[in-house]
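The next block is my_file00.txt, given as compact mmCIF, C-alpha atoms and all ligand atoms.
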# COMPACT_ATOMS: atom_id res chain seq x y z
CA MET A 191 109.61 49.42 87.07
CA ASP A 192 106.47 49.77 84.94
CA LEU A 193 105.42 52.92 83.10
CA ARG A 194 103.20 54.15 85.92
CA GLN A 195 106.10 53.85 88.35
CA PHE A 196 108.43 55.58 85.90
CA ILE A 197 105.99 58.49 85.56
CA HIS A 198 105.72 58.77 89.32
CA LYS A 199 109.44 58.52 89.93
CA ILE A 200 110.85 61.13 87.55
CA PRO A 201 111.23 64.69 88.77
CA LYS A 202 108.59 66.72 86.97
CA THR A 203 107.59 70.33 86.40
CA GLU A 204 104.18 71.88 86.15
CA THR A 205 104.31 75.15 84.23
CA HIS A 206 100.68 75.93 83.41
CA LEU A 207 98.50 75.91 86.51
CA HIS A 208 95.86 78.40 87.61
CA ILE A 209 95.77 78.41 91.40
CA GLU A 210 92.02 79.16 91.50
CA GLY A 211 91.44 76.29 89.04
CA ALA A 212 93.55 74.00 91.23
CA LEU A 213 91.08 74.24 94.14
CA PRO A 214 90.87 70.74 95.65
CA TRP A 215 87.30 69.42 95.66
CA ASN A 216 87.55 68.48 99.35
CA PHE A 217 87.60 72.18 100.29
CA LEU A 218 83.96 72.36 99.16
CA ILE A 219 83.05 69.12 100.91
CA ASN A 220 84.57 70.46 104.12
CA LEU A 221 82.75 73.76 103.69
CA ASN A 222 79.32 72.25 103.16
CA PRO A 223 79.02 68.44 102.94
CA ALA A 224 75.26 68.59 102.36
CA LYS A 225 75.59 70.96 99.39
CA TYR A 226 78.50 69.05 97.83
CA PRO A 227 77.83 65.32 98.12
CA GLY A 228 79.70 62.80 95.96
CA VAL A 229 81.26 63.54 92.59
CA PRO A 230 79.80 66.51 90.68
CA PHE A 231 78.77 65.86 87.07
CA PHE A 232 81.64 67.94 85.65
CA ARG A 233 84.27 65.80 87.41
CA SER A 234 82.93 62.49 86.13
CA PRO A 235 85.45 60.71 83.87
CA ASP A 236 83.55 61.02 80.58
CA PHE A 237 82.31 64.56 80.98
CA ARG A 238 83.26 67.16 78.36
CA TYR A 239 82.29 70.82 78.57
CA GLU A 240 79.92 72.24 75.98
CA ASN A 241 82.05 75.36 75.63
CA PHE A 242 84.42 77.72 77.47
CA THR A 243 81.53 79.72 78.97
CA GLN A 244 80.14 76.64 80.72
CA PHE A 245 83.61 75.73 82.03
CA GLU A 246 84.25 79.28 83.26
CA SER A 247 80.89 79.73 84.98
CA ILE A 248 81.16 76.43 86.88
CA LEU A 249 84.71 77.20 87.99
CA ILE A 250 83.90 80.76 89.10
CA GLU A 251 80.73 79.69 90.93
CA HIS A 252 82.68 77.18 93.04
CA ALA A 253 85.92 79.15 93.43
CA LEU A 254 84.08 82.13 94.88
CA GLU A 255 82.74 79.90 97.67
CA ILE A 256 86.32 79.35 98.87
CA PHE A 257 88.54 82.25 97.78
CA LYS A 258 87.51 85.14 99.99
CA SER A 259 90.78 86.22 101.61
CA ALA A 260 94.54 85.97 101.16
CA ASP A 261 94.56 83.26 103.81
CA ASP A 262 92.17 81.19 101.66
CA TYR A 263 94.75 81.38 98.87
CA HIS A 264 97.37 80.22 101.36
CA GLN A 265 95.28 77.24 102.49
CA VAL A 266 94.48 76.14 98.94
CA ALA A 267 98.05 76.64 97.76
CA SER A 268 99.40 74.60 100.71
CA SER A 269 97.16 71.71 99.75
CA VAL A 270 97.98 72.00 96.02
CA PHE A 271 101.74 72.11 96.66
CA LYS A 272 101.61 69.13 99.01
CA GLU A 273 99.86 67.12 96.30
CA ALA A 274 102.43 68.35 93.77
CA ARG A 275 105.29 67.03 95.89
CA ARG A 276 103.46 63.69 96.28
CA GLN A 277 103.70 63.39 92.49
CA ASN A 278 107.37 64.41 92.59
CA ILE A 279 106.75 67.77 90.96
CA CYS A 280 109.92 69.68 91.82
CA TYR A 281 109.35 72.94 89.94
CA LEU A 282 105.97 74.62 89.69
CA GLU A 283 104.75 77.78 87.99
CA THR A 284 101.29 78.93 89.01
CA SER A 285 99.31 82.05 88.22
CA PHE A 286 96.64 83.87 90.14
CA HIS A 287 93.98 85.88 88.41
CA ALA A 288 94.25 89.68 88.66
CA GLY A 289 90.48 90.00 88.32
CA MET A 290 90.19 88.48 91.80
CA ILE A 291 92.07 91.49 93.26
CA GLU A 292 89.28 93.76 92.03
CA PHE A 293 86.46 91.36 92.82
CA LEU A 294 87.55 90.56 96.39
CA LYS A 295 89.15 93.95 97.09
CA ILE A 296 92.24 92.27 98.54
CA PRO A 297 95.70 93.78 97.90
CA GLY A 298 97.27 91.64 95.16
CA LYS A 299 100.60 91.62 96.92
CA GLU A 300 98.97 89.88 99.88
CA ILE A 301 97.68 87.15 97.56
CA LEU A 302 101.15 86.77 96.04
CA GLU A 303 102.73 86.46 99.47
CA ALA A 304 100.05 84.06 100.69
CA ILE A 305 100.75 81.72 97.76
CA LYS A 306 104.53 82.00 98.01
CA SER A 307 104.62 81.31 101.73
CA ALA A 308 102.70 78.05 101.14
CA ALA A 309 105.58 76.44 99.20
CA PRO A 310 107.32 73.59 101.00
CA PRO A 311 111.13 73.87 101.05
CA ASP A 312 111.59 71.11 98.47
CA LEU A 313 109.36 72.77 95.84
CA GLU A 314 110.75 75.43 93.50
CA LEU A 315 107.78 77.77 93.13
CA ARG A 316 107.28 80.62 90.68
CA VAL A 317 104.17 82.80 90.88
CA PHE A 318 102.70 84.67 87.91
CA LEU A 319 100.07 87.40 87.73
CA GLY A 320 97.42 86.52 85.16
CA MET A 321 95.67 89.40 83.41
CA SER A 322 92.66 89.06 81.14
CA ARG A 323 92.77 90.75 77.76
CA ASN A 324 90.38 93.38 79.15
CA ALA A 325 91.89 93.56 82.66
CA TYR A 326 92.96 97.20 82.49
CA THR A 327 90.00 98.72 84.35
CA PRO A 328 90.22 102.07 86.17
CA TYR A 329 90.54 100.08 89.41
CA LEU A 330 92.95 97.38 88.28
CA GLY A 331 95.10 99.30 85.76
CA PRO A 332 97.20 101.16 88.36
CA ILE A 333 97.55 97.95 90.39
CA LEU A 334 98.91 96.09 87.36
CA GLU A 335 101.37 98.91 86.69
CA ASN A 336 102.52 98.80 90.28
CA ALA A 337 102.80 95.02 90.26
CA ILE A 338 105.16 94.78 87.32
CA ASP A 339 107.37 97.58 88.63
CA TYR A 340 107.51 96.90 92.33
CA TRP A 341 106.17 93.56 93.54
CA ASP A 342 109.05 91.56 94.97
CA GLY A 343 108.71 87.84 94.48
CA LEU A 344 106.61 88.03 91.32
CA SER A 345 108.16 85.75 88.69
CA GLY A 346 106.19 86.78 85.64
CA ILE A 347 102.94 87.71 83.96
CA ASP A 348 100.44 85.76 81.87
CA LEU A 349 97.69 86.86 79.50
CA HIS A 350 94.45 85.13 80.52
CA GLY A 351 90.86 84.87 79.44
CA PRO A 352 88.74 84.48 76.33
CA GLU A 353 90.83 84.85 73.20
CA ASP A 354 88.06 86.41 71.13
CA LEU A 355 88.75 89.70 72.89
CA PRO A 356 91.28 91.85 71.00
CA LEU A 357 94.80 92.53 72.22
CA GLU A 358 94.26 95.98 73.75
CA ALA A 359 96.70 98.90 73.46
CA TRP A 360 97.75 98.78 77.14
CA THR A 361 99.12 95.27 76.84
CA PRO A 362 102.37 95.56 74.80
CA PRO A 363 103.83 98.37 77.00
CA ILE A 364 103.07 96.37 80.15
CA TRP A 365 104.71 93.23 78.72
CA LYS A 366 107.70 95.33 77.61
CA ARG A 367 108.17 96.83 81.07
CA ALA A 368 107.83 93.43 82.66
CA ALA A 369 110.52 92.10 80.30
CA ASP A 370 112.80 95.03 81.17
CA ARG A 371 112.44 94.12 84.82
CA GLY A 372 113.39 90.51 84.06
CA LEU A 373 109.96 88.98 84.56
CA VAL A 374 109.02 85.87 82.55
CA LEU A 375 106.39 86.58 79.88
CA LYS A 376 103.56 84.21 79.08
CA ALA A 377 100.28 84.39 77.16
CA HIS A 378 97.32 82.11 76.64
CA ALA A 379 97.01 81.87 72.87
CA GLY A 380 95.93 79.39 70.24
CA GLU A 381 93.62 77.52 72.60
CA PHE A 382 90.26 78.62 71.17
CA GLY A 383 91.80 81.43 69.12
CA PRO A 384 93.56 81.33 65.74
CA PRO A 385 97.31 80.95 65.08
CA SER A 386 97.52 84.73 64.63
CA ASN A 387 96.94 85.09 68.40
CA ILE A 388 100.11 83.07 68.98
CA ALA A 389 101.97 85.22 66.45
CA HIS A 390 100.74 88.38 68.22
CA ALA A 391 101.92 87.06 71.59
CA VAL A 392 105.35 86.21 70.23
CA ASN A 393 105.87 89.25 67.99
CA GLU A 394 104.02 92.03 69.83
CA LEU A 395 104.41 90.93 73.46
CA GLY A 396 107.81 89.20 73.21
CA VAL A 397 106.40 86.02 74.78
CA LYS A 398 108.52 82.86 74.70
CA ARG A 399 106.10 80.79 76.77
CA ILE A 400 102.77 80.18 75.07
CA GLN A 401 100.03 78.62 77.19
CA HIS A 402 98.34 75.95 75.01
CA GLY A 403 99.27 76.99 71.44
CA VAL A 404 97.21 74.17 69.90
CA ALA A 405 96.33 76.30 66.86
CA ALA A 406 100.00 76.56 65.82
CA ARG A 407 99.45 73.35 63.85
CA GLU A 408 97.43 75.36 61.34
CA SER A 409 100.46 77.35 60.19
CA GLU A 410 103.74 75.84 58.96
CA ASN A 411 105.37 79.29 59.05
CA LEU A 412 104.38 79.82 62.65
CA MET A 413 105.65 76.40 63.68
CA MET A 414 108.98 77.20 62.01
CA GLN A 415 109.11 80.51 63.88
CA LEU A 416 108.40 78.83 67.22
CA ILE A 417 111.31 76.45 66.62
CA GLU A 418 113.69 79.21 65.48
CA MET A 419 112.84 81.46 68.42
CA GLY A 420 112.87 78.67 70.98
CA VAL A 421 109.27 79.33 72.04
CA CYS A 422 107.88 76.75 74.44
CA LEU A 423 104.25 75.57 74.42
CA ASP A 424 102.95 74.73 77.90
CA MET A 425 100.26 72.30 76.79
CA CYS A 426 97.43 70.65 78.73
CA PRO A 427 96.07 67.65 76.78
CA ILE A 428 93.27 66.66 79.19
CA SER A 429 92.05 70.25 79.43
CA ASN A 430 92.11 70.54 75.62
CA TYR A 431 90.08 67.34 75.26
CA LYS A 432 87.54 68.19 77.95
CA LEU A 433 87.04 71.71 76.60
CA ARG A 434 86.73 70.40 73.02
CA VAL A 435 89.73 72.38 71.82
CA VAL A 436 90.47 69.07 70.06
CA GLU A 437 87.64 66.90 68.80
CA THR A 438 89.31 63.56 69.54
CA TRP A 439 92.37 62.51 71.54
CA GLN A 440 94.18 61.53 68.33
CA ASP A 441 93.57 65.05 67.08
CA HIS A 442 95.86 66.54 69.75
CA PRO A 443 99.00 68.08 68.20
CA LEU A 444 101.48 67.46 71.05
CA GLY A 445 103.11 64.53 69.19
CA LEU A 446 103.30 66.52 65.96
CA PHE A 447 104.90 69.51 67.70
CA LEU A 448 107.53 67.37 69.46
CA LYS A 449 108.34 65.56 66.21
CA LYS A 450 108.87 68.90 64.48
CA GLY A 451 111.15 70.07 67.25
CA ILE A 452 108.89 72.55 69.04
CA ARG A 453 109.63 72.55 72.76
CA CYS A 454 106.53 71.46 74.69
CA THR A 455 105.73 70.73 78.32
CA ILE A 456 102.56 69.27 79.83
CA SER A 457 100.51 70.54 82.77
CA THR A 458 97.03 70.29 84.24
CA ASP A 459 95.66 73.85 83.72
CA ASP A 460 92.63 73.62 86.08
CA PRO A 461 92.51 70.29 87.93
CA PHE A 462 89.37 71.40 89.80
CA SER A 463 87.50 71.43 86.51
CA PHE A 464 89.02 68.36 84.86
CA ASP A 465 89.73 66.04 87.80
CA ASN A 466 93.22 65.49 86.39
CA ASN A 467 96.68 65.55 87.88
CA LEU A 468 100.12 65.63 86.30
CA GLU A 469 100.66 61.87 86.45
CA LYS A 470 97.33 61.40 84.61
CA GLU A 471 98.55 63.85 81.95
CA TYR A 472 101.70 61.77 81.39
CA GLN A 473 99.64 58.58 81.27
CA ALA A 474 97.20 60.18 78.80
CA CYS A 475 100.13 60.93 76.46
CA ILE A 476 100.59 57.15 76.14
CA ASP A 477 97.04 55.82 76.52
CA LYS A 478 95.11 58.51 74.65
CA LEU A 479 97.55 60.40 72.42
CA ASN A 480 99.47 57.22 71.50
CA LEU A 481 102.85 58.88 71.94
CA PRO A 482 105.87 56.58 72.24
CA PRO A 483 107.04 56.34 75.90
CA LYS A 484 110.47 57.73 74.93
CA LEU A 485 108.82 61.16 74.57
CA LEU A 486 107.90 61.28 78.27
CA PRO A 487 111.46 61.91 79.51
CA GLU A 488 111.82 64.55 76.76
CA ILE A 489 108.66 66.32 77.94
CA ALA A 490 109.80 66.20 81.57
CA LYS A 491 113.24 67.55 80.67
CA ASN A 492 111.70 70.39 78.65
CA GLY A 493 110.05 71.68 81.83
CA PHE A 494 113.40 72.00 83.55
CA LEU A 495 115.10 73.40 80.45
CA VAL A 496 112.64 76.32 80.23
CA SER A 497 112.76 76.97 83.97
CA ASP A 498 114.91 79.69 85.48
CA LEU A 499 116.70 77.22 87.74
CA PRO A 500 120.49 77.48 87.97
CA HIS A 501 122.37 75.37 85.44
CA LYS A 502 123.60 72.92 88.05
CA GLN A 503 120.12 72.26 89.40
CA LYS A 504 118.69 71.76 85.90
CA ASN A 505 121.41 69.22 85.18
CA PHE A 506 120.68 67.38 88.40
CA PHE A 507 117.00 66.92 87.49
CA ILE A 508 117.78 66.03 83.87
CA LYS A 509 120.28 63.40 84.99
CA SER A 510 117.69 61.92 87.39
CA ILE A 511 115.23 61.64 84.50
CA ASP A 512 117.85 59.95 82.30
CA GLN A 513 118.72 57.50 85.08
CA ALA A 514 115.08 56.58 85.65
CA TRP A 515 114.59 56.14 81.90
CA ALA A 516 117.64 53.85 81.68
CA GLU A 517 116.25 51.83 84.56
CA TYR A 518 112.82 51.61 82.90
CA LYS A 519 114.34 50.64 79.55
CA GLY A 520 116.53 48.11 81.35
CA ASN A 521 113.31 46.26 82.14
CA GLY A 522 112.77 45.94 78.40
CA GLU A 523 109.69 48.12 78.59
CA GLY A 524 110.86 51.39 77.04
CA ARG A 525 110.89 51.96 73.32
ZN ZN A 601 95.36 78.04 81.29
With the file now loaded, output its structure as structure tokens.
Ligand SMILES: [Zn+2]
Amino acid sequence: MDLRQFIHKIPKTETHLHIEGALPWNFLINLNPAKYPGVPFFRSPDFRYENFTQFESILIEHALEIFKSADDYHQVASSVFKEARRQNICYLETSFHAGMIEFLKIPGKEILEAIKSAAPPDLELRVFLGMSRNAYTPYLGPILENAIDYWDGLSGIDLHGPEDLPLEAWTPPIWKRAADRGLVLKAHAGEFGPPSNIAHAVNELGVKRIQHGVAARESENLMMQLIEMGVCLDMCPISNYKLRVVETWQDHPLGLFLKKGIRCTISTDDPFSFDNNLEKEYQACIDKLNLPPKLLPEIAKNGFLVSDLPHKQKNFFIKSIDQAWAEYKGNGEGR
């Protein structure tokens, strides 16, 4: 078994995936082959975005061609989940963007149900509602309130969007109520924003699952706090490189965080925009970030450890990872 086979074989989790950003490119080809020939410039291997605005505008422009109804979410999710199972992803957390509820004027609960019903029986799926820092509009505010109190089948909430917007007053009470109802709390922080955004998410929103968290490396105190509180960083190395969150691959802090004892997972974020998949993320940890292969089973296990799966099921996946690692090492290839 070589490393590529090991990566493919182990049960994996994906815990940071935007369903709109996971739109498979072939949906656009099927929609209009003349308009979408070949590989677009932003999916070429060496492309890096100039900034977040460019990334966001390209993604929105294309996503709005496809996402028009709850059934469109179902079709895309079915395709995404099938591809996830092909890579032996066994547990998947995905979010959908609350702004789309207002933009498309579709009931959010229908979108939630459309995504959930797309999961194959052998995929453990958790769906999150992603809210931008300025999501609480007169239209959307009451819907968000209703969602956290009453939507069955919602696993958690996530704070989305540009980090230069302030944390608005509506946010902490919503995160508190979601926690009281047993929902999982996430927030995008420390991607383009400073370490204080991570501290705000942890201390003011009670978040234990930071999406990205790259900026934590700038603060020893914050890194200590993340370890003490058992906060997990759901990181996306290829996304961070392509969006210039890190200047060079070697600059990525995943290895540093793991060495310090911060729990980290890896995911793809928006595979539509980066032409990545989870197996490429694992491979990039070795080829680009120069991590030792022995960290790959640790990363994979972290995904199951932070999941809400029953103890027995977690142990089953962790044991499978250990067995595959022993087999890989048995070939004299692991270090
Ligand atoms: Zn994200």
With all atoms listed in the file as the basis for distance, which of A:Ser386, A:Asn505, A:Thr438, A:Ser463 is at the shortest distance from ligand ZN 601 (chain A)?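 Looking only at the distances to ligand ZN 601 (chain A), the closest residue turns out to be A:Ser463.
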How would you report the residues lying within 7 Å of ligand ZN 601 (chain A), as a VMD selection string, if you count only C-alpha atoms and all ligand atoms? chain A and resid 206 to 208 378 401 459
Smallest atom-to-atom distance to A:Phe494: which of A:Ala274, A:Ile511, A:Ala260, A:Leu302, using all atoms listed in the file?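 Closest candidate: A:Ile511.
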My list of candidates is A:Lys199, A:Arg407, A:His287, A:His350. Which is closest to A:Phe447 when distances are computed with all atoms listed in the file?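 Among A:Lys199, A:Arg407, A:His287, A:His350, it is A:Arg407 that comes nearest to A:Phe447.
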Counting only C-alpha atoms, which residue out of A:Met419, A:Met414, A:Met425, A:Leu375 sits closest to A:Thr458?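 Selected residue with least distance to A:Thr458: A:Met425.
For the choices A:Asp424, A:Glu255, A:Asp477, A:Glu469, the atom-to-atom distance to A:Asn220 is smallest for A:Glu255 when using only C-alpha atoms.
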Can you pull out every residue within 10 Å of A:Ala309, counting only C-alpha atoms, but drop anything in the same chain fewer than 4 positions away, and send it as number ranges by chain? A: 264, 267-272, 275, 282, 304-305, 313-316
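Nearest to A:Pro352 of all the residues A:Gly383, A:Gly420, A:Pro310, A:Gly211 is A:Gly383, based on only C-alpha atoms.
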List the neighbours of A:Gly493 out to 7 Å using all atoms listed in the file; skip same-chain residues closer than 4 positions along the sequence, and give me the result as a PyMOL selection string. chain A and resi 203+455+489+497
Tell me, as a PDB file with C-alpha atoms, in the frame of the given file, which residues lie within 12 Å of A:Gln513, counting only C-alpha atoms; anything in the same chain fewer than 5 positions away does not count.
ATOM      1  CA  PHE A 196     108.430  55.580  85.900  1.00  0.00           C
ATOM      2  CA  LYS A 199     109.440  58.520  89.930  1.00  0.00           C
ATOM      3  CA  ILE A 200     110.850  61.130  87.550  1.00  0.00           C
ATOM      4  CA  PRO A 201     111.230  64.690  88.770  1.00  0.00           C
ATOM      5  CA  PRO A 487     111.460  61.910  79.510  1.00  0.00           C
ATOM      6  CA  PHE A 506     120.680  67.380  88.400  1.00  0.00           C
ATOM      7  CA  PHE A 507     117.000  66.920  87.490  1.00  0.00           C
ATOM      8  CA  ILE A 508     117.780  66.030  83.870  1.00  0.00           C
ATOM      9  CA  TYR A 518     112.820  51.610  82.900  1.00  0.00           C
ATOM     10  CA  LYS A 519     114.340  50.640  79.550  1.00  0.00           C
ATOM     11  CA  GLY A 520     116.530  48.110  81.350  1.00  0.00           C
TER      12      GLY A 520
END
Given the point (90.7, 82.1, 93.4) in the file's coordinates, find the residues that have an atom at most 6 Å from it, counting only C-alpha atoms, and give them as an MDAnalysis selection string. chainID A and resid 210 253 257
A:Asn241 environment, 12 Å, all atoms listed in the file, sequence neighbours closer than 3 positions dropped, as a ChimeraX atom specification: /A:238,244-248,352,382,429-436
